[in-house]
Structures are given as structure tokens and as C-alpha cells.
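Novice: Here's a structure for you.
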Amino acid sequence: MHSALVRFRMNGTERNSPLSRVLYVGHSRSDIDLMRHHLAQHAPHLHLTAMTSAQDALALLPVNPDQTADFDIVLVDYCLSGGMDGLEFIRLLREERKLDIPIVLITRQGSEMIAARALHLGVEDYLSRHEGYLFEVPATLEKARWLSELTRERINLKQTNLRLSHLLAASPMVLYNLRFTGNVLQPVWVSENIERLIGYTPGEALVPGWWLSHLYPDDREQVLERQPMLLNDGQLTHDYRFYHRDGRIIWILDELRLIRNADGQPHEVVGTWLDISEHKQAELIRQAHQSALNLIVASQPLPVILSDIAKHLETINPDMLVSILLLDKQAKCLKLGAAPSLPDDFNATVDQLAIGEGVGSCGTAAWRGEAVIVSDIDHHPYWQPYLEFTQKADLHACWSVPFKDENESVLGTFAIYHRTVREPTFADLVLVEEFASFTALAVQKVYAAEALRLAATVFESIREGIVVTDLEPRIVAVNRAYTEITGYSAAQVVGKNPKIIRSGRHDKSFYQAMWSSLQEEGYWSGEIWNRRKNGEIYPQWLTISAVSISSASNGRKELCNYVGVFTDISQIKQSEAQLAHLAHYDPLTGLPNRLLVQSRLHHAVERAQRYNLRVATLYIDLDRFKNVNDSLGHPIGDELLIKLTERLKNRLREEDALARLGGDEFLLVMEDVKDPSESAIVAQTLIDLLATPFVLPSGHEIFINASIGISLFPDDASNATELIQHADMAMYQAKKEGRNTYRYHTEALSIAANERLIMENRLRHALAAGEFILHYQPLIDARAGHVIGVEALARWHPPDNTIVPPGKFIPIAEETGLIVPLGEWVLRTACEQGRAWIDTGLPPLVMAVNLSVRQFQSENLVELVQRILEETRLPAVCLELELTESMFMEHAERSIETLNRLKALGIQLAIDDFGTGYSSLTYLKRFPIDKLKIDQSFVRGLAHDPNDREIAATIIAMARGLKLGVLAEGIESEQQLDFLRQQGCDYYQGFLFHRPVPAIELEAWLREHSAPR
């Protein structure tokens, strides 16, 4: 407005300057001439162009406002020729052509209505034709021109203001003005776009203290410290965080300029605000990224890197509390990576969090592999199990984004917690995704670095030699083990061909096959001999692999290196030789073992077949060698075996093969035997050799004998296995016939052995098939004469109805261990029968059951007896277990403990076959025994053998002295019974009373001979 006024005043002072070009549209030529003459005389500065035709005048004027007019003002008569009046002319200029050129209308005197219409159409002024009106024309034209210019300036000013308003409305900047009130700045004006940009109205922003109260607290002190710079420098540019009306924290760039008055005193401040949040965020993200990379390059621990990333995001948006969890894929749980602003007890809760559907935001996100947004923790089902911890930590929203590796495998979760219920904006999610992405990058970089460090450590620490070559091949790297094994340092071999350690033991075809395998299959593995730096040739186990990498240009695999991994197998080769010796030789005596002697015997038999020769096999077993081990100990036994081996080897031929089969068993193989008697001579020689006692290094002097079995090829066997078998049989025959002798194999021995083998197989089947039955033989009370119990005796009744005698199958059962399950079956069946007789009305009878040695030595014997008594419901007092003397004399103390435990069950104990073994009276009186049973071998001779009568009488007397009951078994005659009755025997058993029979056959007899109830 000021500029327009200045321009208007300047135009008013320029009266002598060429005014304007005037277009005059007159009524007639005479009017035109009169006007021209007057203006030339009184206003020569006006240049007049006159037209009598409205159409001609229109032709001289622009058709639209964009064209430039050749005239500065139009003077028009109301009355025009050509059918158009002045008003129509004006209308055409103003309404149709939109021209704003100044117009003055000349009307007749008294034409006020016409003048009003003209003014309505937009003329600047009008003149009435009266006497002397021509003198008013110059002034009226000047006035119209000034009014037109003034109007035009007003329009321009209005348009300028409108454009400025539009510019501010669209501008990202907020303009403001501050005035000094004393020394205090007060806001006086702010642009209206503040509401659009920051959310506050201008009225709110002009309230004193508003700006300071909305500064972010952490930035307030620094911002106030910078204020004096405005007065000192006249300007201030700085940035800070500010609260948006919606609660967001935004970054403001604040630029201030100080304006001073004419006296140079501070008068006011003009300033701009610009929201630089996006730029600042991008810068902070870049700084966070760079900081993470710097920490990675510096090999900082992963928790330090992750904590740095979390803190950077919390700086960008302080409302966000970051938690980074790492996935343990093996344990399928999340481990704490970093959460610098969350409470320690909450972090402890989420550490080792199992992943799965519905396990909080993070456990679910890791399980699904997709973001899980929970805006209200308190009411979300995923968080219900953890509300105690979230409420304590004042956490109410959690947005969790899984971050992944390049294969889309989840590495962990990047979570944002809020202390209020919060739904993320699109910008929030973009920001979190951005930080999650370079968290994934950082984790992968650290994992890769750790893998490289591990690989480097392994490369240097592994005991296998490693050599890496290029494709030439030239060595590019070796590890420490390579230098230790080969003797070459890395400096001596890098750049060289790996053949520098070639031994020369392999021909050209060997290496051609190696490289062919490498080219076709990508690897080669095998044994190879190479040379150390000191010249020593040694064996390696070498594996060479071709290494390929993906090409950066086409992604295809391209061969880049060869890697050889080798082990020095010198020790292995030596160990193999030692193992081969151990596999074929006895480590104690150095003699060939069973495996080697069988091989030699096999070859000897083949040679004998080929050349019609004879081979002798001598099976040597030391007599009672077990006594040496048991009494003097195994080390003394080993000394004896070594000395014995030396003595035997000194008397044998070089071609004879002496081997140790194991324990105290030896085998001698003699080839080219001309006569069978040769083997007997050798056997007797060996036996005689042992007659001299052995003086051992330990100082012991020991006598030892041997029993030898002899078998001959082709006389006794057709192969090596049979030869050893038959010699073994013959050796056992020598032992049976007195020991310290030799025996030849016979056909009868083979038949007996085969029968025994068949018996053993049948016995195993019989136990499973239920072919055993029990027979029961009554036990008679000598004084009352009635039955007081029975002895259960096992019988084998095969399907062919031929009962196998106990003497045949019991020894085999003892040797094979079948006696244990058989004995348990006997005990259980006998107890069941005893209970069955009680249930049928018979008085309780003693059920005597024999125990085998193996049963007695069993760890669970007492528990077994107790369980069977409980399961069968037989009263314990009715059960009597019979044991032999030898069964518990060998380990007397342990036996006493077992007997006491059995006795504690309430059962009775008896010594069976008393007098046939050996007993210690000292131990006998300590055994909790109830009864002694005189063996039937003594009872059988009572009628005619005084020795048997003396033994029986002694046993009875001894039992009476020890307060034990005594039973005589095997009574078959009245004479035997009379003697026993005279001696005061307590109980009888034998065929004289009843033979052993099945329970069903005995039951009626028991009812007849039992004691009355």
C-alpha cells in the first residue's frame, strides 16, 4: 500500500510529463475538432486520438486484458453514430473485453440516470455538457487516471496478500514474530499454518510460556543456554525436540533474526520453524547404522552392538523401549540380546523365552516369522500369563518384528514396548522395520565373524595338516600342524607346488588317478606316502577337496581352490602291526593264540590232504591250575604260565606249533607225523617235563601236572575244527581217568559228546515247552509213624513218554545255567502243590525242595523265596530248603548271612547228602540248620557194611548233640530201618515207604497216612 501511494504521488507531480494517450470517441466531427482545439491550447500534454465511429474505436483497443493498449484513457460521448451509444460501448469494454483502461463519459446536462449507469458499468468519472465543460476535461481525465491506478494497486495488493496467504498455507515453515517487553520476548504473531504443521492454534501458541512448556525436557537446558547468541550475533539457528499436539515428539529447526530500532536497541525478532523430523530421523538412522558398523569392525561383543542399536532408536523416539531377543534354534527359545531401558527383572523373565503360538508378542513372532502387534497388553490373550511382570514394569503395548537372515530364517525379534496403550502408525512400523533390518545385518555380521574366528582357530589348532592351493596348483596357505608334520615352515612352502613333499613311492598312474577323481567327483581320499623335510618317508591319510564359489557375474559355481587335509598315520600303522600281533598272539606267553593256531592247523590239514600226510593235535590242560590262582593269586598264576611255556618250547621241534588257547589250555600241532605213537611219545615227554617243580620269580615253588588229549588227521577228524574238538574230548577223558596222563580220541567220546549236546538242546526246549513234572516222596516221622511231609523231585517227561533220569539232565542243567529257571519252576510248583493240599483238607505238610549251587549263589535268592511264598500263600514253616555241604562251605561267611536271611522268613533248612562232602564243625554249629539228611550211599550198606553203620551212627549222634533233626534217605529194607530205629533216627525216606510219584497218585495215600487233625 505504501508503494502504491508513493507511485500515485509521483504521478501527480509529473504534470508536465507526457500524460497519456487519449482515445476520444465523439458524437460528431465538430465536437472532435472543438475538443482537439481546446486541449491543444489548454492541455498540450494530452495526446488525442479521435474517432466518430464506435466500431473504429473498438478496433483500436485490445480484445482481452492480456494485450497491451495503445491508450492510457478513453473519453467517450454518450451519443455516438452508427447505432451504438456510449453505455453499450463501455459495456463491451468492461464486460466482454474485461479491459481496465480508465474511461470518462460525456453526457448531456441533466442525464444523471445515464451517469449512474455508466458508473455502475465501471467508468472512472463523467462530464455533463454545459457551458465551459471543456475546461474540466483535463482535470477530469487526470483524476480518472489517478483513480484507475489507485484501484489497480489495490487489486495488486489484494492479490499479493492472497498469494502470500496461499504460500503460507502450503509452506512447511511456520512464521512468527516476537516483541521485546523490557528484556522479555513475547510472541505477538504466528502464521496460521502452525495448526496444520504442529497441531496448535495461533491463539494457543501466543499464550506466554507455551513454547517453553512444550520443549522436550532433555533438550530444554541446552536450548536456553543458546538464547544469548541471538543478542550477541543478531541471529540464531538451532534444532531441538518439541511435543506435537498429538503427543508425538518432533524435531524443529528454529531460525531467528533480531531487528533493532533506529537507536540500535533490540526491537523485535522474526523467526521460522521447520519440522525436520524426517531429515533428523534419516540422519539418526544413518548414524545408528554407521555406529553399528564401527562396533562390528572393532570386533565388539554382540550385546554391546545390539545395545547401541537399541539406544539409537530410543534417541529417535524416546517413547519407544527397545528389546532385542536372539533365537536359539537348538533350544527353540529366545535369549536376551539387549534391552537397555527395560527393568532387569522383566529382562530376566523374557530371557530363555520358549517360542510358540500365543507366547507373548516375541515368542509368537519368532514362531510365525511375521510381525505381531499388541497395542494393549493388559487385555490381549498372548500376554495373560505375563501380566504380573508387565504391570510391574509399567508396560502396556508391545510391537514385535522378527528379523531374518538372507534365507528368510528367523534370527530373533526386535520389539518395541510402550508405557501406554499404543497402536503403531505407518511411520512407526517403517522405523521399526528399518532398525530390525540392520539389526539382522549386525547379527549376521557378528555370527559370520565368530564363524571366521572359529574357522581360523580350528585351522591353526586342528591336529590334522591342512594345505590350501590355487588351481596351478601353488600352495597359498598351510596350518601349524602341516609344518609340525612335514618339518617345512609356511614361508618355505607358500608359492611352491605341493609335490615338494613327494616321496617317490607312487608312480605316475597313481597321481593321474588322483587328479581324475578330483576333476570328476570334486574330491579324492586315500593313503599316500610323503617325505618329511628331514628325508623320512611316512604314511598319510589324505583327503583333497575342490572348493567352488558362486560367480558374482552369473551366479554359477566356479572352481577356486583345492584343500588338502591329512593325518600322519605312522602311529596308526605301528598300532595296526601291534594289534595284528595281539590279534594272533597271546600277550602273556607270546605264543600263537586260538585264531592263529586254527589258521595254521587249517593249512596243515590242507597240506596233509595234498601230500597224504598225518597231523597230530595235542590239547593240553593244566591240572588244578585254578587252585594256584585262588590260593596265590593271578599274578603268580601268570608267572607259572610263562615259565611253563618256556620249558615246553625248549623241548619241541621248530616246526611244531605250540599255542595258548586261553586260561590254562594249550594246543600243540605236529605235522608230518609218521606214526600215531609219535604223538603219544611227545605227550608223555611233556607230562614228564612238568614233574620238576617250577621256581617262580616271586620265590614260590610250584608243582603242576597236565592232562593231554590227542586227535589225529585223518584218523579222527577231517578238518581243523574237529581235530581241536576231538582232542578236547580226549583231554577230558584223561582228566576223568586220573589226570596227569594222556588219552587218544575214540569214536565213543564223540558219540557221548553228541548225545550230551542233543540232551542240552532238548533240555532248553523242554523248559520252554513245560515237559517237566514233579514227583513227591513222603517223609515219615520215625516215632509216630505217620507222614510229616514230602520231598519234591523234578522229572523230565518228554512227549515220547520216556522219562529222562535226573542224573542225566541235572548235571547238564547245572553246567549250562538252566538249573536257575528250572529251580525256580520247581520251587514255585512245589509251593503251589503244598497250598493245594492244605486247601483240600490235608494237614500242613513239610515241602522239601532242593536248591542248586547256582540258585544259592544268586543275589536275589531270599527275595525270590519270599515272593513265591507270598504268591502261593504257603505258610513259611511248611517250606524246607535242602542244600549240600559244598554249597556253602566255599564262602562260609557269606553263606551264613544268606542262611540267616532265609531262616528269618520262617522256613526250615536241611543239609542234604550229609557226609559225602567236607564240613567244618566250627561252621556247622554256626549254620542255622534244622536237619541233616544221611546220604543213601551210607544207608545202602547198613545191612552188611560195618563202616556205613559206624558213619550213620556218628551222624545221628552228632545231630542229636547239635540239637538237629536227622533224616535217612534211600531206605529200601527192614534191616536198614531196624538199625536206624535203634540209633534214634528222627525221620525216614525211601522206597520201603513209598516211591516218588505225581501228586495226584500220592494224595489218597497222604490222607490215609497223615497225622490225625
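Ordering of the C-alpha cells sets the chain letters (A, B, ...), residue numbers begin anew at 1 in every chain, and ligands are numbered from 1 in the order given.
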Give me the residues near Glu433 in chain A as a VMD selection string, where near means some atom within 12 Å (using only C-alpha atoms) and where sequence neighbours in that chain fewer than 2 positions away do not count.

Specialist: chain A and resid 285 313 370 to 371 399 to 404 413 to 416 426 to 431 435 to 440

Novice: Just the residues within 10 Å of Tyr742 in chain A, please, counting only C-alpha atoms, with nothing from its chain fewer than 3 positions along; format it as a VMD selection string.

Specialist: chain A and resid 618 to 620 680 683 to 684 687 706 to 710 730 to 735 737 to 739 745

Novice: Those same residues, written as a PDB file, in the first residue's frame with C-alpha atoms?

Specialist:
ATOM      1  CA  LEU A 618      47.556-132.327  21.391  1.00  0.00           C
ATOM      2  CA  TYR A 619      45.126-130.492  23.707  1.00  0.00           C
ATOM      3  CA  ILE A 620      46.985-129.684  26.949  1.00  0.00           C
ATOM      4  CA  ALA A 680      51.984-140.242  22.449  1.00  0.00           C
ATOM      5  CA  ALA A 683      52.621-136.137  25.135  1.00  0.00           C
ATOM      6  CA  GLN A 684      54.425-138.250  27.706  1.00  0.00           C
ATOM      7  CA  ILE A 687      53.975-134.647  31.087  1.00  0.00           C
ATOM      8  CA  ALA A 706      48.795-131.693  32.843  1.00  0.00           C
ATOM      9  CA  SER A 707      46.203-133.836  31.111  1.00  0.00           C
ATOM     10  CA  ILE A 708      46.589-134.207  27.348  1.00  0.00           C
ATOM     11  CA  GLY A 709      44.108-135.255  24.687  1.00  0.00           C
ATOM     12  CA  ILE A 710      45.320-136.427  21.243  1.00  0.00           C
ATOM     13  CA  ALA A 730      40.190-136.846  24.772  1.00  0.00           C
ATOM     14  CA  MET A 731      41.714-134.401  27.270  1.00  0.00           C
ATOM     15  CA  TYR A 732      38.556-134.519  29.407  1.00  0.00           C
ATOM     16  CA  GLN A 733      38.722-138.300  29.248  1.00  0.00           C
ATOM     17  CA  ALA A 734      42.291-138.132  30.565  1.00  0.00           C
ATOM     18  CA  LYS A 735      41.110-135.978  33.459  1.00  0.00           C
ATOM     19  CA  GLU A 737      40.795-141.243  34.348  1.00  0.00           C
ATOM     20  CA  GLY A 738      43.051-139.720  36.954  1.00  0.00           C
ATOM     21  CA  ARG A 739      44.735-136.664  35.404  1.00  0.00           C
ATOM     22  CA  HIS A 745      40.327-139.645  20.919  1.00  0.00           C
TER      23      HIS A 745
END

Novice: As an exercise, work out the distance from CA of Ala999 in chain A to CA of Gln976 in chain A in Å and give it to one decimal place.

Specialist: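 It comes out at 27.0 Å.
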
Novice: Measuring between only C-alpha atoms, which one of A:Ile462, A:Leu127, A:Ile788, A:Leu274 shows the shortest distance to Tyr987 in chain A?

Specialist: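 Comparing A:Ile462, A:Leu127, A:Ile788, A:Leu274 against Tyr987 in chain A, the winner is A:Ile788.
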
Novice: Please return, as JSON, numbers by chain, all residues of range 603-819 of chain A that DSSP assigns to strand (DSSP E or B) on the basis of the backbone.

Specialist: {"A": [615, 616, 617, 618, 619, 620, 621, 622, 623, 657, 658, 659, 660, 661, 662, 665, 666, 667, 668, 669, 670, 694, 695, 701, 702, 705, 706, 707, 708, 709, 710, 711, 712, 713, 742, 743, 744, 772, 773, 774, 775, 776, 777, 778, 779, 780, 781, 787, 788, 789, 790, 791, 792, 793, 794, 795, 796, 804]}

Novice: Residues of the last selection are to be written out with C-alpha atoms, as a CSV table (one decimal), in the first residue's frame.

Specialist:
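As written to disk, out-v4.csv reads:
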chain,number,residue,atom,x,y,z
A,615,VAL,CA,48.8,-134.3,11.6
A,616,ALA,CA,48.6,-134.7,15.3
A,617,THR,CA,46.8,-132.3,17.7
A,618,LEU,CA,47.6,-132.3,21.4
A,619,TYR,CA,45.1,-130.5,23.7
A,620,ILE,CA,47.0,-129.7,26.9
A,621,ASP,CA,45.1,-128.6,30.1
A,622,LEU,CA,46.9,-128.0,33.4
A,623,ASP,CA,45.5,-130.0,36.4
A,657,ALA,CA,53.3,-125.1,16.7
A,658,LEU,CA,52.5,-124.6,20.4
A,659,ALA,CA,49.6,-122.2,21.1
A,660,ARG,CA,47.8,-120.9,24.2
A,661,LEU,CA,44.0,-121.2,23.7
A,662,GLY,CA,43.2,-119.3,27.0
A,665,GLU,CA,44.7,-124.6,28.0
A,666,PHE,CA,47.4,-125.1,25.3
A,667,LEU,CA,47.3,-126.7,21.9
A,668,LEU,CA,50.3,-128.4,20.1
A,669,VAL,CA,50.1,-129.0,16.3
A,670,MET,CA,52.5,-131.6,15.0
A,694,PHE,CA,58.7,-124.6,38.9
A,695,VAL,CA,60.7,-121.9,40.8
A,701,GLU,CA,58.0,-123.3,44.2
A,702,ILE,CA,55.0,-124.9,42.5
A,705,ASN,CA,50.6,-131.6,36.2
A,706,ALA,CA,48.8,-131.7,32.8
A,707,SER,CA,46.2,-133.8,31.1
A,708,ILE,CA,46.6,-134.2,27.3
A,709,GLY,CA,44.1,-135.3,24.7
A,710,ILE,CA,45.3,-136.4,21.2
A,711,SER,CA,43.5,-136.5,17.9
A,712,LEU,CA,44.9,-137.3,14.6
A,713,PHE,CA,44.2,-136.4,11.0
A,742,TYR,CA,47.2,-138.5,28.0
A,743,ARG,CA,44.4,-140.2,26.0
A,744,TYR,CA,43.6,-140.7,22.3
A,772,PHE,CA,9.0,-131.1,33.5
A,773,ILE,CA,6.8,-132.5,36.2
A,774,LEU,CA,7.3,-133.0,40.0
A,775,HIS,CA,7.2,-136.3,41.8
A,776,TYR,CA,6.8,-136.3,45.5
A,777,GLN,CA,8.2,-138.9,48.0
A,778,PRO,CA,6.8,-139.0,51.6
A,779,LEU,CA,8.9,-138.1,54.7
A,780,ILE,CA,8.0,-140.3,57.7
A,781,ASP,CA,8.1,-139.4,61.4
A,787,VAL,CA,3.8,-138.8,57.1
A,788,ILE,CA,5.0,-135.3,58.1
A,789,GLY,CA,6.0,-134.0,54.6
A,790,VAL,CA,7.2,-134.8,51.1
A,791,GLU,CA,10.3,-134.1,49.0
A,792,ALA,CA,9.7,-132.5,45.6
A,793,LEU,CA,11.8,-134.2,42.9
A,794,ALA,CA,12.0,-132.9,39.3
A,795,ARG,CA,11.3,-135.4,36.5
A,796,TRP,CA,11.7,-134.8,32.7
A,804,VAL,CA,14.8,-138.9,31.5
